[in-house]
There are 2 protein chains.
Amino acid sequence: MEVNTKREREGKSGGLALKKSVAILELVLRISTATAALAATLTMGTTEQTLPFFTQLLQFRASYEDLPAFTFFVIATSISSGYLILSVPFSVVCVVQPLVPGPRLLLIFCDTLTVTLLTSAAASSAAIVYLAHNGNSDANWLPLCQQFGDFCQRIGGAVVAGFIAVALLLIMVLLSALGLTKH
Amino acid sequence: MEVNTKREREGKSGGLALKKSVAILELVLRISTATAALAATLTMGTTEQTLPFFTQLLQFRASYEDLPAFTFFVIATSISSGYLILSVPFSVVCVVQPLVPGPRLLLIFCDTLTVTLLTSAAASSAAIVYLAHNGNSDANWLPLCQQFGDFCQRIGGAVVAGFIAVALLLIMVLLSALGLTKH
């Protein structure tokens, strides 16, 4: 009888230690994801290139604001990074009290919604970046990247940072789901 | 003592009934999501429009294969609808045995990955549909929808079906997370 209780207690404390380490890993991932999302926002938001030559009437200038998909990218990644930074205290609560399901459930809800937001931002911008690089002969859309090389490199970098944030956030959601189970 | 045990038993059977109804709701949502994803695949995959006039050298024809984002949409939505149909038996297991966490955990993992896949497909196609409707004067990309009106309507419909599938799948993931908690 006593042995059984001891084993139970050991199992419980083992489960607690596992839940605690999952919560710590999640906290680290959350901070990394926030950094990646912030990097994506700043890279995209500060991108503009002005070509060194101009005609009498107009100067050739490319900015992220010229394409609605990139404006959406900046808005969505800034909302996501804001949420990720604000959710760090809740993640700390999960580390301190790994057995309380409330904050963890709240985090997995909001994280899942943020995954969707970030993915849609990264994917829509990736479609436009692809078009800017390769153009489309069927639709008669010419590529921009021959003229605006620096611009294209930077928006490409921002989209990659966005996808890195998506991957990290996805791992975090899967870990949270694992942390919600009983065992 | 007896009252306490009875109350406990009642609480347990109440929790069981709740978990069972959540699992049934999830099954219904899964079938609806599969239908929406399949509708999106078929709508996009059968879209092509040939204009009634042609020159000596070429005939004007638009198909989803002309734009890589739409090809990705067809591939991603068909993978998603295939997975959703194949996962129905697992969902039935969750209804029959609502207290076993294994199948539910497997489903929440795969569902979360599918949310990401479907969202990226819908968002990248939405970016191109927007461009086809409005064009972009800064990038000198002209809209297509004045010539290819039917084509644009159908791809727009497919993207809307894709987003409906994303929304249903998102609700399903959130319900699954709720179903994983102890209480």
# chains A, B, ... in the order shown; residues from 1 in each chain; ligands from 1
>>> closest_atom_pairs(of="chain A", to="chain B", cutoff="9 Å", atoms="only C-alpha atoms", output="tab-separated table")
residue	atom	partner	partner_atom	distance
A:Ala62	CA	B:Asp138	CA	8.1
A:Asp66	CA	B:Asp138	CA	6.2
A:Leu67	CA	B:Asn136	CA	7.4
A:Pro68	CA	B:Ala127	CA	8.6
A:Ala69	CA	B:Ala127	CA	6.5
A:Pro101	CA	B:Thr181	CA	7.0
A:Leu105	CA	B:Ala177	CA	7.3
A:Ile108	CA	B:Ala177	CA	7.5
A:Phe109	CA	B:Leu174	CA	6.2
A:Thr112	CA	B:Leu170	CA	7.7
A:Leu113	CA	B:Leu170	CA	7.7
A:Val115	CA	B:Thr116	CA	7.3
A:Thr116	CA	B:Thr119	CA	6.4
A:Leu117	CA	B:Thr119	CA	8.7
A:Thr119	CA	B:Ser120	CA	5.8
A:Ser120	CA	B:Ala123	CA	4.9
A:Ala121	CA	B:Ala123	CA	7.4
A:Ala122	CA	B:Ser120	CA	7.7
A:Ala123	CA	B:Ser120	CA	4.9
A:Ser124	CA	B:Ser124	CA	4.0
A:Ser125	CA	B:Ser124	CA	7.3
A:Ala126	CA	B:Ser124	CA	7.1
A:Ala127	CA	B:Ser124	CA	5.3
A:Ile128	CA	B:Ala127	CA	7.2
A:Ala132	CA	B:Ala139	CA	8.7
A:Asn136	CA	B:Leu67	CA	7.4
A:Ser137	CA	B:Asp66	CA	8.7
A:Asp138	CA	B:Asp66	CA	6.2
A:Ala139	CA	B:Leu144	CA	7.1
A:Asn140	CA	B:Trp141	CA	7.5
A:Trp141	CA	B:Trp141	CA	5.1
A:Leu142	CA	B:Trp141	CA	7.2
A:Pro143	CA	B:Ala139	CA	8.6
A:Leu144	CA	B:Ala139	CA	7.1
A:Val166	CA	B:Thr116	CA	8.6
A:Leu170	CA	B:Thr112	CA	7.7
A:Val173	CA	B:Thr112	CA	8.1
A:Leu174	CA	B:Phe109	CA	6.1
A:Ala177	CA	B:Ala177	CA	6.6
A:Leu178	CA	B:Leu105	CA	7.3
A:Leu180	CA	B:Thr181	CA	5.8
A:Thr181	CA	B:Leu180	CA	5.7
A:Lys182	CA	B:Lys182	CA	6.6
>>> residues_around(residues="A:Ala23", least_positions_apart="5", cutoff="9 Å", atoms="only C-alpha atoms", output="JSON, numbers by chain")
{"A": [18, 28, 91, 92, 94, 95, 96, 98, 175, 176, 179]}
>>> closest_residue(among="A:Thr46, A:Gln97, A:Ser87, A:Thr35", to="A:Lys20", atoms="only C-alpha atoms")
A:Gln97
>>> atom_distance(atom1="atom CA of B:Ile155", atom2="atom CA of B:Ser81")
17.9 Å
>>> residues_around(residues="A:Ile85", least_positions_apart="6", cutoff="9 Å", atoms="only C-alpha atoms", output="PyMOL selection string")
chain A and resi 30-31+34-35
>>> select_by_dssp(residues="chain A", states="alpha helix (DSSP H)", output="ChimeraX atom specification")
/A:2-45,68-86,88-96,101-134,149-180
>>> select_by_dssp(residues="stretch 56-138 of chain B", states="strand (DSSP E or B)", output="list of chain:residue names")
B:Gln59, B:Phe60, B:Arg61, B:Ala62, B:Ser63, B:Asn136
>>> write_last_selection(atoms="all heavy atoms", output="PDB file, in the first residue's frame")
ATOM      1  N   GLN B  59      -4.776  32.344 -79.149  1.00  0.00           N
ATOM      2  CA  GLN B  59      -6.118  32.456 -78.631  1.00  0.00           C
ATOM      3  C   GLN B  59      -5.975  32.850 -77.160  1.00  0.00           C
ATOM      4  O   GLN B  59      -5.074  32.381 -76.475  1.00  0.00           O
ATOM      5  CB  GLN B  59      -6.800  31.092 -78.748  1.00  0.00           C
ATOM      6  CG  GLN B  59      -8.279  31.164 -78.507  1.00  0.00           C
ATOM      7  CD  GLN B  59      -8.960  29.849 -78.816  1.00  0.00           C
ATOM      8  OE1 GLN B  59      -8.316  28.812 -78.915  1.00  0.00           O
ATOM      9  NE2 GLN B  59     -10.270  29.893 -78.949  1.00  0.00           N
ATOM     10  N   PHE B  60      -6.854  33.714 -76.663  1.00  0.00           N
ATOM     11  CA  PHE B  60      -6.715  34.180 -75.287  1.00  0.00           C
ATOM     12  C   PHE B  60      -7.424  33.219 -74.354  1.00  0.00           C
ATOM     13  O   PHE B  60      -8.620  32.987 -74.480  1.00  0.00           O
ATOM     14  CB  PHE B  60      -7.278  35.592 -75.144  1.00  0.00           C
ATOM     15  CG  PHE B  60      -6.508  36.587 -75.943  1.00  0.00           C
ATOM     16  CD1 PHE B  60      -6.952  36.994 -77.192  1.00  0.00           C
ATOM     17  CD2 PHE B  60      -5.309  37.081 -75.464  1.00  0.00           C
ATOM     18  CE1 PHE B  60      -6.224  37.884 -77.944  1.00  0.00           C
ATOM     19  CE2 PHE B  60      -4.574  37.981 -76.215  1.00  0.00           C
ATOM     20  CZ  PHE B  60      -5.036  38.387 -77.461  1.00  0.00           C
ATOM     21  N   ARG B  61      -6.661  32.662 -73.427  1.00  0.00           N
ATOM     22  CA  ARG B  61      -7.153  31.607 -72.580  1.00  0.00           C
ATOM     23  C   ARG B  61      -6.544  31.776 -71.192  1.00  0.00           C
ATOM     24  O   ARG B  61      -5.357  32.027 -71.059  1.00  0.00           O
ATOM     25  CB  ARG B  61      -6.724  30.263 -73.186  1.00  0.00           C
ATOM     26  CG  ARG B  61      -7.457  29.069 -72.641  1.00  0.00           C
ATOM     27  CD  ARG B  61      -6.995  27.825 -73.381  1.00  0.00           C
ATOM     28  NE  ARG B  61      -7.085  26.688 -72.491  1.00  0.00           N
ATOM     29  CZ  ARG B  61      -6.173  26.383 -71.590  1.00  0.00           C
ATOM     30  NH1 ARG B  61      -5.103  27.103 -71.461  1.00  0.00           N
ATOM     31  NH2 ARG B  61      -6.359  25.332 -70.800  1.00  0.00           N
ATOM     32  N   ALA B  62      -7.391  31.680 -70.155  1.00  0.00           N
ATOM     33  CA  ALA B  62      -6.876  31.779 -68.782  1.00  0.00           C
ATOM     34  C   ALA B  62      -7.206  30.494 -68.058  1.00  0.00           C
ATOM     35  O   ALA B  62      -8.320  29.992 -68.134  1.00  0.00           O
ATOM     36  CB  ALA B  62      -7.518  32.954 -68.058  1.00  0.00           C
ATOM     37  N   SER B  63      -6.216  29.953 -67.358  1.00  0.00           N
ATOM     38  CA  SER B  63      -6.428  28.732 -66.582  1.00  0.00           C
ATOM     39  C   SER B  63      -5.719  28.906 -65.244  1.00  0.00           C
ATOM     40  O   SER B  63      -4.823  29.749 -65.105  1.00  0.00           O
ATOM     41  CB  SER B  63      -5.862  27.551 -67.354  1.00  0.00           C
ATOM     42  OG  SER B  63      -5.488  26.522 -66.481  1.00  0.00           O
ATOM     43  N   ASN B 136      -1.910  46.751 -60.113  1.00  0.00           N
ATOM     44  CA  ASN B 136      -1.089  47.612 -59.266  1.00  0.00           C
ATOM     45  C   ASN B 136      -0.397  48.625 -60.154  1.00  0.00           C
ATOM     46  O   ASN B 136       0.466  48.273 -60.962  1.00  0.00           O
ATOM     47  CB  ASN B 136      -0.074  46.759 -58.486  1.00  0.00           C
ATOM     48  CG  ASN B 136       0.639  47.587 -57.449  1.00  0.00           C
ATOM     49  OD1 ASN B 136       1.369  48.518 -57.787  1.00  0.00           O
ATOM     50  ND2 ASN B 136       0.414  47.276 -56.190  1.00  0.00           N
TER      51      ASN B 136
END
>>> residues_around(residues="A:Gln153", least_positions_apart="2", cutoff="12 Å", atoms="only C-alpha atoms", output="mmCIF file with N, CA, C and O atoms, in the first residue's frame")
data_model
loop_
_atom_site.group_PDB
_atom_site.id
_atom_site.type_symbol
_atom_site.label_atom_id
_atom_site.label_comp_id
_atom_site.auth_asym_id
_atom_site.auth_seq_id
_atom_site.Cartn_x
_atom_site.Cartn_y
_atom_site.Cartn_z
ATOM 1 N N THR A 43 12.066 44.848 -40.807
ATOM 2 C CA THR A 43 12.699 44.722 -42.128
ATOM 3 C C THR A 43 11.742 45.199 -43.211
ATOM 4 O O THR A 43 12.112 45.982 -44.090
ATOM 5 N N MET A 44 10.487 44.709 -43.147
ATOM 6 C CA MET A 44 9.525 45.096 -44.177
ATOM 7 C C MET A 44 9.164 46.582 -44.052
ATOM 8 O O MET A 44 9.100 47.294 -45.059
ATOM 9 N N THR A 47 11.630 49.155 -45.568
ATOM 10 C CA THR A 47 12.121 48.903 -46.927
ATOM 11 C C THR A 47 11.629 49.967 -47.904
ATOM 12 O O THR A 47 10.434 50.137 -48.101
ATOM 13 N N GLU A 48 12.572 50.671 -48.479
ATOM 14 C CA GLU A 48 12.238 51.460 -49.662
ATOM 15 C C GLU A 48 13.522 51.700 -50.442
ATOM 16 O O GLU A 48 14.616 51.702 -49.886
ATOM 17 N N GLN A 49 13.356 51.823 -51.732
ATOM 18 C CA GLN A 49 14.526 52.031 -52.573
ATOM 19 C C GLN A 49 14.188 53.083 -53.616
ATOM 20 O O GLN A 49 13.142 53.030 -54.269
ATOM 21 N N VAL A 129 6.196 38.428 -53.577
ATOM 22 C CA VAL A 129 7.652 38.416 -53.749
ATOM 23 C C VAL A 129 8.020 37.530 -54.939
ATOM 24 O O VAL A 129 8.863 37.896 -55.772
ATOM 25 N N TYR A 130 7.346 36.371 -55.045
ATOM 26 C CA TYR A 130 7.593 35.470 -56.185
ATOM 27 C C TYR A 130 7.303 36.187 -57.497
ATOM 28 O O TYR A 130 8.073 36.104 -58.460
ATOM 29 N N ALA A 132 7.292 39.433 -57.987
ATOM 30 C CA ALA A 132 8.263 40.505 -58.193
ATOM 31 C C ALA A 132 9.559 39.945 -58.768
ATOM 32 O O ALA A 132 10.222 40.588 -59.574
ATOM 33 N N HIS A 133 9.918 38.717 -58.354
ATOM 34 C CA HIS A 133 11.144 38.107 -58.867
ATOM 35 C C HIS A 133 10.972 37.592 -60.285
ATOM 36 O O HIS A 133 11.809 37.835 -61.145
ATOM 37 N N LEU A 144 9.931 42.984 -61.165
ATOM 38 C CA LEU A 144 10.456 44.273 -60.710
ATOM 39 C C LEU A 144 11.920 44.195 -60.301
ATOM 40 O O LEU A 144 12.589 45.219 -60.174
ATOM 41 N N CYS A 145 12.393 42.967 -60.025
ATOM 42 C CA CYS A 145 13.642 42.831 -59.283
ATOM 43 C C CYS A 145 14.874 43.204 -60.075
ATOM 44 O O CYS A 145 15.937 43.396 -59.504
ATOM 45 N N GLN A 146 14.734 43.272 -61.438
ATOM 46 C CA GLN A 146 15.892 43.714 -62.198
ATOM 47 C C GLN A 146 16.213 45.173 -61.878
ATOM 48 O O GLN A 146 17.364 45.550 -61.744
ATOM 49 N N GLN A 147 15.150 45.987 -61.738
ATOM 50 C CA GLN A 147 15.386 47.390 -61.385
ATOM 51 C C GLN A 147 15.592 47.575 -59.884
ATOM 52 O O GLN A 147 16.505 48.240 -59.451
ATOM 53 N N PHE A 148 14.703 46.968 -59.109
ATOM 54 C CA PHE A 148 14.719 47.218 -57.665
ATOM 55 C C PHE A 148 15.329 46.027 -56.917
ATOM 56 O O PHE A 148 14.648 45.345 -56.161
ATOM 57 N N GLY A 149 16.625 45.779 -57.148
ATOM 58 C CA GLY A 149 17.280 44.604 -56.573
ATOM 59 C C GLY A 149 17.327 44.627 -55.053
ATOM 60 O O GLY A 149 16.970 43.648 -54.393
ATOM 61 N N ASP A 150 17.747 45.758 -54.471
ATOM 62 C CA ASP A 150 17.850 45.875 -53.009
ATOM 63 C C ASP A 150 16.491 45.703 -52.349
ATOM 64 O O ASP A 150 16.359 45.022 -51.340
ATOM 65 N N PHE A 151 15.481 46.346 -52.955
ATOM 66 C CA PHE A 151 14.108 46.258 -52.448
ATOM 67 C C PHE A 151 13.673 44.797 -52.373
ATOM 68 O O PHE A 151 13.166 44.336 -51.349
ATOM 69 N N ILE A 155 12.583 42.606 -48.998
ATOM 70 C CA ILE A 155 11.237 42.039 -48.776
ATOM 71 C C ILE A 155 11.320 40.516 -48.706
ATOM 72 O O ILE A 155 10.608 39.896 -47.924
ATOM 73 N N GLY A 156 12.255 39.920 -49.481
ATOM 74 C CA GLY A 156 12.449 38.471 -49.398
ATOM 75 C C GLY A 156 12.899 38.072 -48.001
ATOM 76 O O GLY A 156 12.376 37.113 -47.413
ATOM 77 N N GLY A 157 13.849 38.845 -47.435
ATOM 78 C CA GLY A 157 14.334 38.579 -46.084
ATOM 79 C C GLY A 157 13.228 38.689 -45.053
ATOM 80 O O GLY A 157 13.122 37.852 -44.146
ATOM 81 N N ALA A 158 12.374 39.705 -45.214
ATOM 82 C CA ALA A 158 11.271 39.899 -44.263
ATOM 83 C C ALA A 158 10.317 38.707 -44.305
ATOM 84 O O ALA A 158 9.861 38.226 -43.255
ATOM 85 N N VAL A 159 10.035 38.214 -45.530
ATOM 86 C CA VAL A 159 9.111 37.079 -45.650
ATOM 87 C C VAL A 159 9.724 35.823 -45.022
ATOM 88 O O VAL A 159 9.028 35.066 -44.331
ATOM 89 N N VAL A 160 11.041 35.634 -45.214
ATOM 90 C CA VAL A 160 11.705 34.481 -44.586
ATOM 91 C C VAL A 160 11.603 34.579 -43.063
ATOM 92 O O VAL A 160 11.271 33.593 -42.382
#
>>> atom_distance(atom1="atom CA of A:Glu26", atom2="atom CA of A:Met172")
5.8 Å
>>> atom_distance(atom1="atom CA of A:Val88", atom2="atom CA of A:Tyr64")
29.7 Å
